[in-house]
Amino acid sequence: MRGSATTFDSDSHLDSDFTTRKDDCKAFLATLGFPVTKGDIVSTENGALGVAREIGYPVAVKPVVGHKGIGVTADVRDAEELQAAFKRAVKAIPETESVRVIVENSIKGADFRLLCVDGKFVSATERRPAWVTGDGDSTIRELIRRENRKPERLDTPTSAMSKIQSDEAMEMYLEQQGLSLESVLERDRTVFLRKVANLSAGGVSIDATRTIHPDNIVLAQDIALHFRLTCLGIDVVTETLAKSWKTGNFGIIEINAAPGIFMHLNPAVGEGVDVPSHIIETFFESGKSARIPIITFNRISVHELQETIDHILLQHPDWTIGAVCRSGLFVNRSEKVLNKNYNLNVQTLLRNPKLDLLIAEYREDVLEAEGMFYRGSNMVVLDNPGETEMILLRESTDEDTVVVREGSSISIRRQGLIEQYSLEDGEPFTRVYLKEIGTVL
């Protein structure tokens with residue numbers, strides 16, 4: 001399994017790209033009967049004004065290609081605000097993309113993110129715009145500066161909130177309220193600083209998982225089933241998630257591939273949801289070991305290694321076996337390029353997502369120079385081991401199988417029991433450990 005953030009190699013690239021084409025995605029959801037907001041796509045300011053007149057104010061404006069709320073303006077109430085919102089949306093569009101801006105109904109209510117993992121609902125978070133509360137003496141600028149000094153707003157990857165950002169959009173929204181950054185707020189008056197609840201600009205995340213209505217959970221899961229994505233974020237606007245979407249005043253704003261999960265894991269207000277555990281359980285069964293079997297030798301020749309691979313493939317012909325010794329690197333019987341850095345060869349094999357079994361040789365000189373890349377083996381085979389090579393037994397447990405030859409004497413430990421005997425003249429050591437391999441596979 002490979003992944004970056006909340007994107008994984010099992011995800012559909014086409015579905016991920018489709019979620020960024022907000023117009024097509026919205027049309028797709030509307031065709032399926034999901035409650036999306038009405039609107040249209042425009043490329044000019046006059047076009048935006050025309051759509052707003054047709055569907056009625058207030059409207060929301062955002063670029064077709066975008067993410068993280070950049071260039072988004074909600075609750076636009078007249079032509080003057082719309083012209084400014086259109087310019088912000090255009091400014092957020094990458095230079096490589098054509099100008100395409102969505103103008104749609106702005107639904108009254110709060111902004112929520114519903115998160116699904118593997119098609120199942122796991123968390124809901126309300127996102128509120130940043131706000132300040134007056135003390136009767138300080139300006140809004142000073143209140144923001146004071147708020148940004150709070151420990152919760154350290155603006156680090158693990159802080160619950162980002163610092164409040166001051167920009168043109170904030171100043172315009174304050175102006176609409178008859179305020180500016182230099183205004184002094186009376187004591188206990190609370191003023192929101194933005195229309196859009198953008199967490200990266202200082203918005204506040206509030207857990208809503210425990211109060212969500214069952215109908216809204218079903219809605220989120222029904223949407224997720226149409227996308228081959230491990231993690232899917234669904235942005236909706238409604239007054240409260242505690243009421244069913246069927247009662248009205250509920251709109252799906254957009255769908256997000258690779259959604260951020262920190263707002264769910266560590267919300268500014270409320271109890272977090274352990275989203276990573278849900279993701280891990282998607283790929284690995286809970287309670288089961290995620291390790292593949294490993295067989296470690298202190299010395300084995302290329303010929304013996306190939307013989308061992310053939311023996312295992314006779315029992316498991318569909319397996320992918322990675323094997324490395326000082327003289328060769330193999331995936332099944334196919335020889336690969338051997339790197340001078342021995343542990344890099346082991347790492348390369350373990351990075352193969354289809355690997356079912358690892359066989360590795362660790363001689364004394366490699367152990368002294370590089371150490372072992374992994375800890376623990378399901379089976380350890382030692383052929384007249386030196387003192388250093390005995391550390392291969394350090395991580396072994398009673399559940400592991402250990403085979404040791406010293407001269408002609410054989411000692412086998414399996415399931416906590418020990419068996420000892422001597423090899424006959426001319427009897428190969430390979431026969432001993434090949435017979436035991438079945439105990440660990």
# chains A, B, ... in the order shown; residues from 1 in each chain; ligands from 1
$ select_by_dssp --residues "segment 65-198 of chain A" --states "alpha helix (DSSP H)" --output "MDAnalysis selection string"
chainID A and resid 79:91 140:148 168:176
$ select_by_dssp --residues "segment 150-221 of chain A" --states "strand (DSSP E or B)" --output "number ranges by chain"
A: 184, 190-192, 204-207
$ atom_distance --atom1 "atom CA of Ser10 of chain A" --atom2 "atom CA of Glu281 of chain A"
14.3 Å
$ atom_distance --atom1 "atom CA of Val403 of chain A" --atom2 "atom CA of Arg375 of chain A"
17.9 Å
$ atom_distance --atom1 "atom CA of Met379 of chain A" --atom2 "atom CA of Ile437 of chain A"
7.6 Å
$ closest_residue --among "A:Phe262, A:Tyr433, A:Phe373, A:Phe227" --to "Lys120 of chain A" --atoms "only C-alpha atoms"
A:Phe227
$ residues_around --residues "Met390 of chain A" --least-positions-apart "4" --cutoff "12 Å" --atoms "only C-alpha atoms" --output "ChimeraX atom specification"
/A:296-298,362-364,367,380-386,394-396,402-404
$ residues_around --residues "Asn148 of chain A" --least-positions-apart "3" --cutoff "7 Å" --atoms "only C-alpha atoms" --output "mmCIF file with all heavy atoms, in the first residue's frame"
data_model
loop_
_atom_site.group_PDB
_atom_site.id
_atom_site.type_symbol
_atom_site.label_atom_id
_atom_site.label_comp_id
_atom_site.auth_asym_id
_atom_site.auth_seq_id
_atom_site.Cartn_x
_atom_site.Cartn_y
_atom_site.Cartn_z
ATOM 1 N N ILE A 144 -7.397 40.979 16.705
ATOM 2 C CA ILE A 144 -6.880 39.898 15.862
ATOM 3 C C ILE A 144 -5.463 39.537 16.290
ATOM 4 O O ILE A 144 -5.112 38.360 16.421
ATOM 5 C CB ILE A 144 -6.905 40.311 14.374
ATOM 6 C CG1 ILE A 144 -8.341 40.414 13.875
ATOM 7 C CG2 ILE A 144 -6.117 39.309 13.523
ATOM 8 C CD1 ILE A 144 -8.470 40.981 12.468
ATOM 9 N N ARG A 145 -4.645 40.581 16.527
ATOM 10 C CA ARG A 145 -3.258 40.327 16.937
ATOM 11 C C ARG A 145 -3.222 39.565 18.255
ATOM 12 O O ARG A 145 -2.426 38.631 18.434
ATOM 13 C CB ARG A 145 -2.539 41.670 17.069
ATOM 14 C CG ARG A 145 -1.022 41.539 17.191
ATOM 15 C CD ARG A 145 -0.344 42.906 17.258
ATOM 16 N NE ARG A 145 -0.573 43.648 16.015
ATOM 17 C CZ ARG A 145 -1.090 44.862 15.965
ATOM 18 N NH1 ARG A 145 -1.468 45.479 17.086
ATOM 19 N NH2 ARG A 145 -1.242 45.485 14.814
ATOM 20 N N ARG A 153 -3.376 28.904 18.364
ATOM 21 C CA ARG A 153 -3.138 29.427 17.012
ATOM 22 C C ARG A 153 -1.643 29.525 16.704
ATOM 23 O O ARG A 153 -1.180 30.481 16.085
ATOM 24 C CB ARG A 153 -3.801 30.792 16.851
ATOM 25 C CG ARG A 153 -5.333 30.741 16.847
ATOM 26 C CD ARG A 153 -5.918 32.061 16.439
ATOM 27 N NE ARG A 153 -7.367 32.066 16.484
ATOM 28 C CZ ARG A 153 -8.162 31.672 15.487
ATOM 29 N NH1 ARG A 153 -7.615 31.238 14.351
ATOM 30 N NH2 ARG A 153 -9.479 31.721 15.597
ATOM 31 N N LYS A 163 -3.511 30.954 12.248
ATOM 32 C CA LYS A 163 -3.606 32.373 12.575
ATOM 33 C C LYS A 163 -4.621 33.046 11.651
ATOM 34 O O LYS A 163 -4.784 32.666 10.501
ATOM 35 C CB LYS A 163 -2.239 33.042 12.434
ATOM 36 C CG LYS A 163 -1.224 32.565 13.477
ATOM 37 C CD LYS A 163 0.024 33.391 13.429
ATOM 38 C CE LYS A 163 1.057 32.874 14.422
ATOM 39 N NZ LYS A 163 0.591 32.897 15.811
ATOM 40 N N ILE A 164 -5.303 34.053 12.179
ATOM 41 C CA ILE A 164 -6.287 34.803 11.398
ATOM 42 C C ILE A 164 -5.555 35.652 10.370
ATOM 43 O O ILE A 164 -4.637 36.411 10.715
ATOM 44 C CB ILE A 164 -7.154 35.693 12.311
ATOM 45 C CG1 ILE A 164 -7.940 34.817 13.311
ATOM 46 C CG2 ILE A 164 -8.097 36.553 11.492
ATOM 47 C CD1 ILE A 164 -8.693 35.608 14.355
#
$ closest_residue --among "A:Gln306, A:Arg351, A:Arg228, A:Phe429" --to "Ser16 of chain A" --atoms "only C-alpha atoms"
A:Arg228
$ residues_around --residues "Val236 of chain A" --least-positions-apart "6" --cutoff "12 Å" --atoms "only C-alpha atoms" --output "PyMOL selection string"
chain A and resi 34-37+106-115+124-127+216+219-220+245+249-256
$ write_last_selection --atoms "C-alpha atoms" --output "PDB file, in the first residue's frame"
ATOM      1  CA  PHE A  34     -28.748  14.519  -4.609  1.00  0.00           C
ATOM      2  CA  PRO A  35     -29.586  18.012  -3.229  1.00  0.00           C
ATOM      3  CA  VAL A  36     -27.102  20.309  -4.994  1.00  0.00           C
ATOM      4  CA  THR A  37     -27.343  24.086  -5.225  1.00  0.00           C
ATOM      5  CA  SER A 106     -25.981  30.738  -1.383  1.00  0.00           C
ATOM      6  CA  ILE A 107     -27.895  28.715   1.177  1.00  0.00           C
ATOM      7  CA  LYS A 108     -28.395  30.175   4.633  1.00  0.00           C
ATOM      8  CA  GLY A 109     -26.699  28.094   7.284  1.00  0.00           C
ATOM      9  CA  ALA A 110     -23.408  26.782   8.577  1.00  0.00           C
ATOM     10  CA  ASP A 111     -20.599  25.156   6.600  1.00  0.00           C
ATOM     11  CA  PHE A 112     -20.047  21.441   7.297  1.00  0.00           C
ATOM     12  CA  ARG A 113     -17.570  18.839   6.043  1.00  0.00           C
ATOM     13  CA  LEU A 114     -18.763  15.204   6.027  1.00  0.00           C
ATOM     14  CA  LEU A 115     -15.972  12.651   5.794  1.00  0.00           C
ATOM     15  CA  ALA A 124     -18.603  15.554  10.526  1.00  0.00           C
ATOM     16  CA  THR A 125     -17.087  18.940  11.321  1.00  0.00           C
ATOM     17  CA  GLU A 126     -18.631  22.396  11.318  1.00  0.00           C
ATOM     18  CA  ARG A 127     -16.368  25.158  10.033  1.00  0.00           C
ATOM     19  CA  ASN A 216     -27.474  12.736   6.563  1.00  0.00           C
ATOM     20  CA  LEU A 219     -26.754  10.627   2.176  1.00  0.00           C
ATOM     21  CA  ALA A 220     -22.978  10.910   2.647  1.00  0.00           C
ATOM     22  CA  TRP A 245     -31.589  16.934   4.661  1.00  0.00           C
ATOM     23  CA  ASN A 249     -32.531  24.200   3.302  1.00  0.00           C
ATOM     24  CA  PHE A 250     -29.714  21.756   2.670  1.00  0.00           C
ATOM     25  CA  GLY A 251     -27.269  21.972  -0.208  1.00  0.00           C
ATOM     26  CA  ILE A 252     -24.225  20.010  -1.343  1.00  0.00           C
ATOM     27  CA  ILE A 253     -21.568  22.551  -2.257  1.00  0.00           C
ATOM     28  CA  GLU A 254     -18.788  20.313  -3.560  1.00  0.00           C
ATOM     29  CA  ILE A 255     -16.973  16.986  -3.327  1.00  0.00           C
ATOM     30  CA  ASN A 256     -13.295  16.740  -2.360  1.00  0.00           C
TER      31      ASN A 256
END
$ closest_residue --among "A:Leu441, A:Leu423, A:Ile93, A:Val337" --to "Asp400 of chain A" --atoms "only C-alpha atoms"
A:Leu441
$ closest_residue --among "A:Thr133, A:Ser162, A:Thr44, A:Thr348" --to "Val101 of chain A" --atoms "only C-alpha atoms"
A:Thr44
$ closest_residue --among "A:Ile223, A:Ile412, A:Asp310, A:Asn46" --to "Thr31 of chain A" --atoms "only C-alpha atoms"
A:Ile223
$ residues_around --residues "Met161 of chain A" --least-positions-apart "2" --cutoff "12 Å" --atoms "only C-alpha atoms" --output "PyMOL selection string"
chain A and resi 127-130+147-159+163-165+198-206+262-263+266-269
$ write_last_selection --atoms "C-alpha atoms" --output "PDB file, in the first residue's frame"
ATOM      1  CA  ARG A 127     -16.368  25.158  10.033  1.00  0.00           C
ATOM      2  CA  ARG A 128     -17.023  28.683  11.272  1.00  0.00           C
ATOM      3  CA  PRO A 129     -15.343  31.859  10.036  1.00  0.00           C
ATOM      4  CA  ALA A 130     -12.881  33.514  12.397  1.00  0.00           C
ATOM      5  CA  GLU A 147      -6.166  36.241  19.189  1.00  0.00           C
ATOM      6  CA  ASN A 148      -3.234  35.165  17.013  1.00  0.00           C
ATOM      7  CA  ARG A 149      -0.962  35.031  20.067  1.00  0.00           C
ATOM      8  CA  LYS A 150      -3.075  32.296  21.683  1.00  0.00           C
ATOM      9  CA  PRO A 151      -1.343  28.873  22.000  1.00  0.00           C
ATOM     10  CA  GLU A 152      -4.163  27.276  19.997  1.00  0.00           C
ATOM     11  CA  ARG A 153      -3.138  29.427  17.012  1.00  0.00           C
ATOM     12  CA  LEU A 154       0.543  28.536  16.829  1.00  0.00           C
ATOM     13  CA  ASP A 155      -0.018  27.815  13.131  1.00  0.00           C
ATOM     14  CA  THR A 156       1.929  24.549  13.270  1.00  0.00           C
ATOM     15  CA  PRO A 157       0.892  21.245  11.652  1.00  0.00           C
ATOM     16  CA  THR A 158      -0.497  20.100  15.017  1.00  0.00           C
ATOM     17  CA  SER A 159      -2.278  23.289  16.159  1.00  0.00           C
ATOM     18  CA  LYS A 163      -3.606  32.373  12.575  1.00  0.00           C
ATOM     19  CA  ILE A 164      -6.287  34.803  11.398  1.00  0.00           C
ATOM     20  CA  GLN A 165      -5.285  36.243   8.023  1.00  0.00           C
ATOM     21  CA  ASN A 198     -11.765  28.958   5.586  1.00  0.00           C
ATOM     22  CA  LEU A 199      -9.739  27.128   8.268  1.00  0.00           C
ATOM     23  CA  SER A 200      -6.411  28.105   6.698  1.00  0.00           C
ATOM     24  CA  ALA A 201      -7.397  31.770   7.160  1.00  0.00           C
ATOM     25  CA  GLY A 202      -8.189  31.337  10.859  1.00  0.00           C
ATOM     26  CA  GLY A 203     -11.593  29.630  10.840  1.00  0.00           C
ATOM     27  CA  VAL A 204     -12.690  27.397  13.720  1.00  0.00           C
ATOM     28  CA  SER A 205     -13.458  23.663  13.473  1.00  0.00           C
ATOM     29  CA  ILE A 206     -16.252  22.234  15.664  1.00  0.00           C
ATOM     30  CA  PHE A 262      -6.751  17.103  10.927  1.00  0.00           C
ATOM     31  CA  MET A 263      -9.921  19.157  11.517  1.00  0.00           C
ATOM     32  CA  ASN A 266      -8.127  17.616  16.427  1.00  0.00           C
ATOM     33  CA  PRO A 267     -11.053  20.064  16.184  1.00  0.00           C
ATOM     34  CA  ALA A 268     -10.787  23.408  17.969  1.00  0.00           C
ATOM     35  CA  VAL A 269     -14.061  22.627  19.775  1.00  0.00           C
TER      36      VAL A 269
END
$ residues_around --residues "Gly416 of chain A" --least-positions-apart "4" --cutoff "9 Å" --atoms "only C-alpha atoms" --output "ChimeraX atom specification"
/A:397-401
$ write_last_selection --atoms "N, CA, C and O atoms" --output "PDB file, in the first residue's frame"
ATOM      1  N   THR A 397      10.622 -15.357  18.989  1.00  0.00           N
ATOM      2  CA  THR A 397       9.707 -15.741  20.063  1.00  0.00           C
ATOM      3  C   THR A 397       9.421 -17.231  19.958  1.00  0.00           C
ATOM      4  O   THR A 397       9.885 -17.909  19.032  1.00  0.00           O
ATOM      5  N   ASP A 398       8.631 -17.740  20.898  1.00  0.00           N
ATOM      6  CA  ASP A 398       8.290 -19.165  20.875  1.00  0.00           C
ATOM      7  C   ASP A 398       7.466 -19.539  19.645  1.00  0.00           C
ATOM      8  O   ASP A 398       7.398 -20.710  19.267  1.00  0.00           O
ATOM      9  N   GLU A 399       6.821 -18.534  19.026  1.00  0.00           N
ATOM     10  CA  GLU A 399       6.013 -18.814  17.841  1.00  0.00           C
ATOM     11  C   GLU A 399       6.858 -18.919  16.581  1.00  0.00           C
ATOM     12  O   GLU A 399       6.389 -19.389  15.545  1.00  0.00           O
ATOM     13  N   ASP A 400       8.127 -18.476  16.656  1.00  0.00           N
ATOM     14  CA  ASP A 400       9.010 -18.527  15.487  1.00  0.00           C
ATOM     15  C   ASP A 400       9.745 -19.862  15.440  1.00  0.00           C
ATOM     16  O   ASP A 400       9.883 -20.565  16.451  1.00  0.00           O
ATOM     17  N   THR A 401      10.222 -20.195  14.260  1.00  0.00           N
ATOM     18  CA  THR A 401      11.002 -21.422  14.070  1.00  0.00           C
ATOM     19  C   THR A 401      12.477 -21.056  13.924  1.00  0.00           C
ATOM     20  O   THR A 401      12.823 -20.149  13.159  1.00  0.00           O
TER      21      THR A 401
END
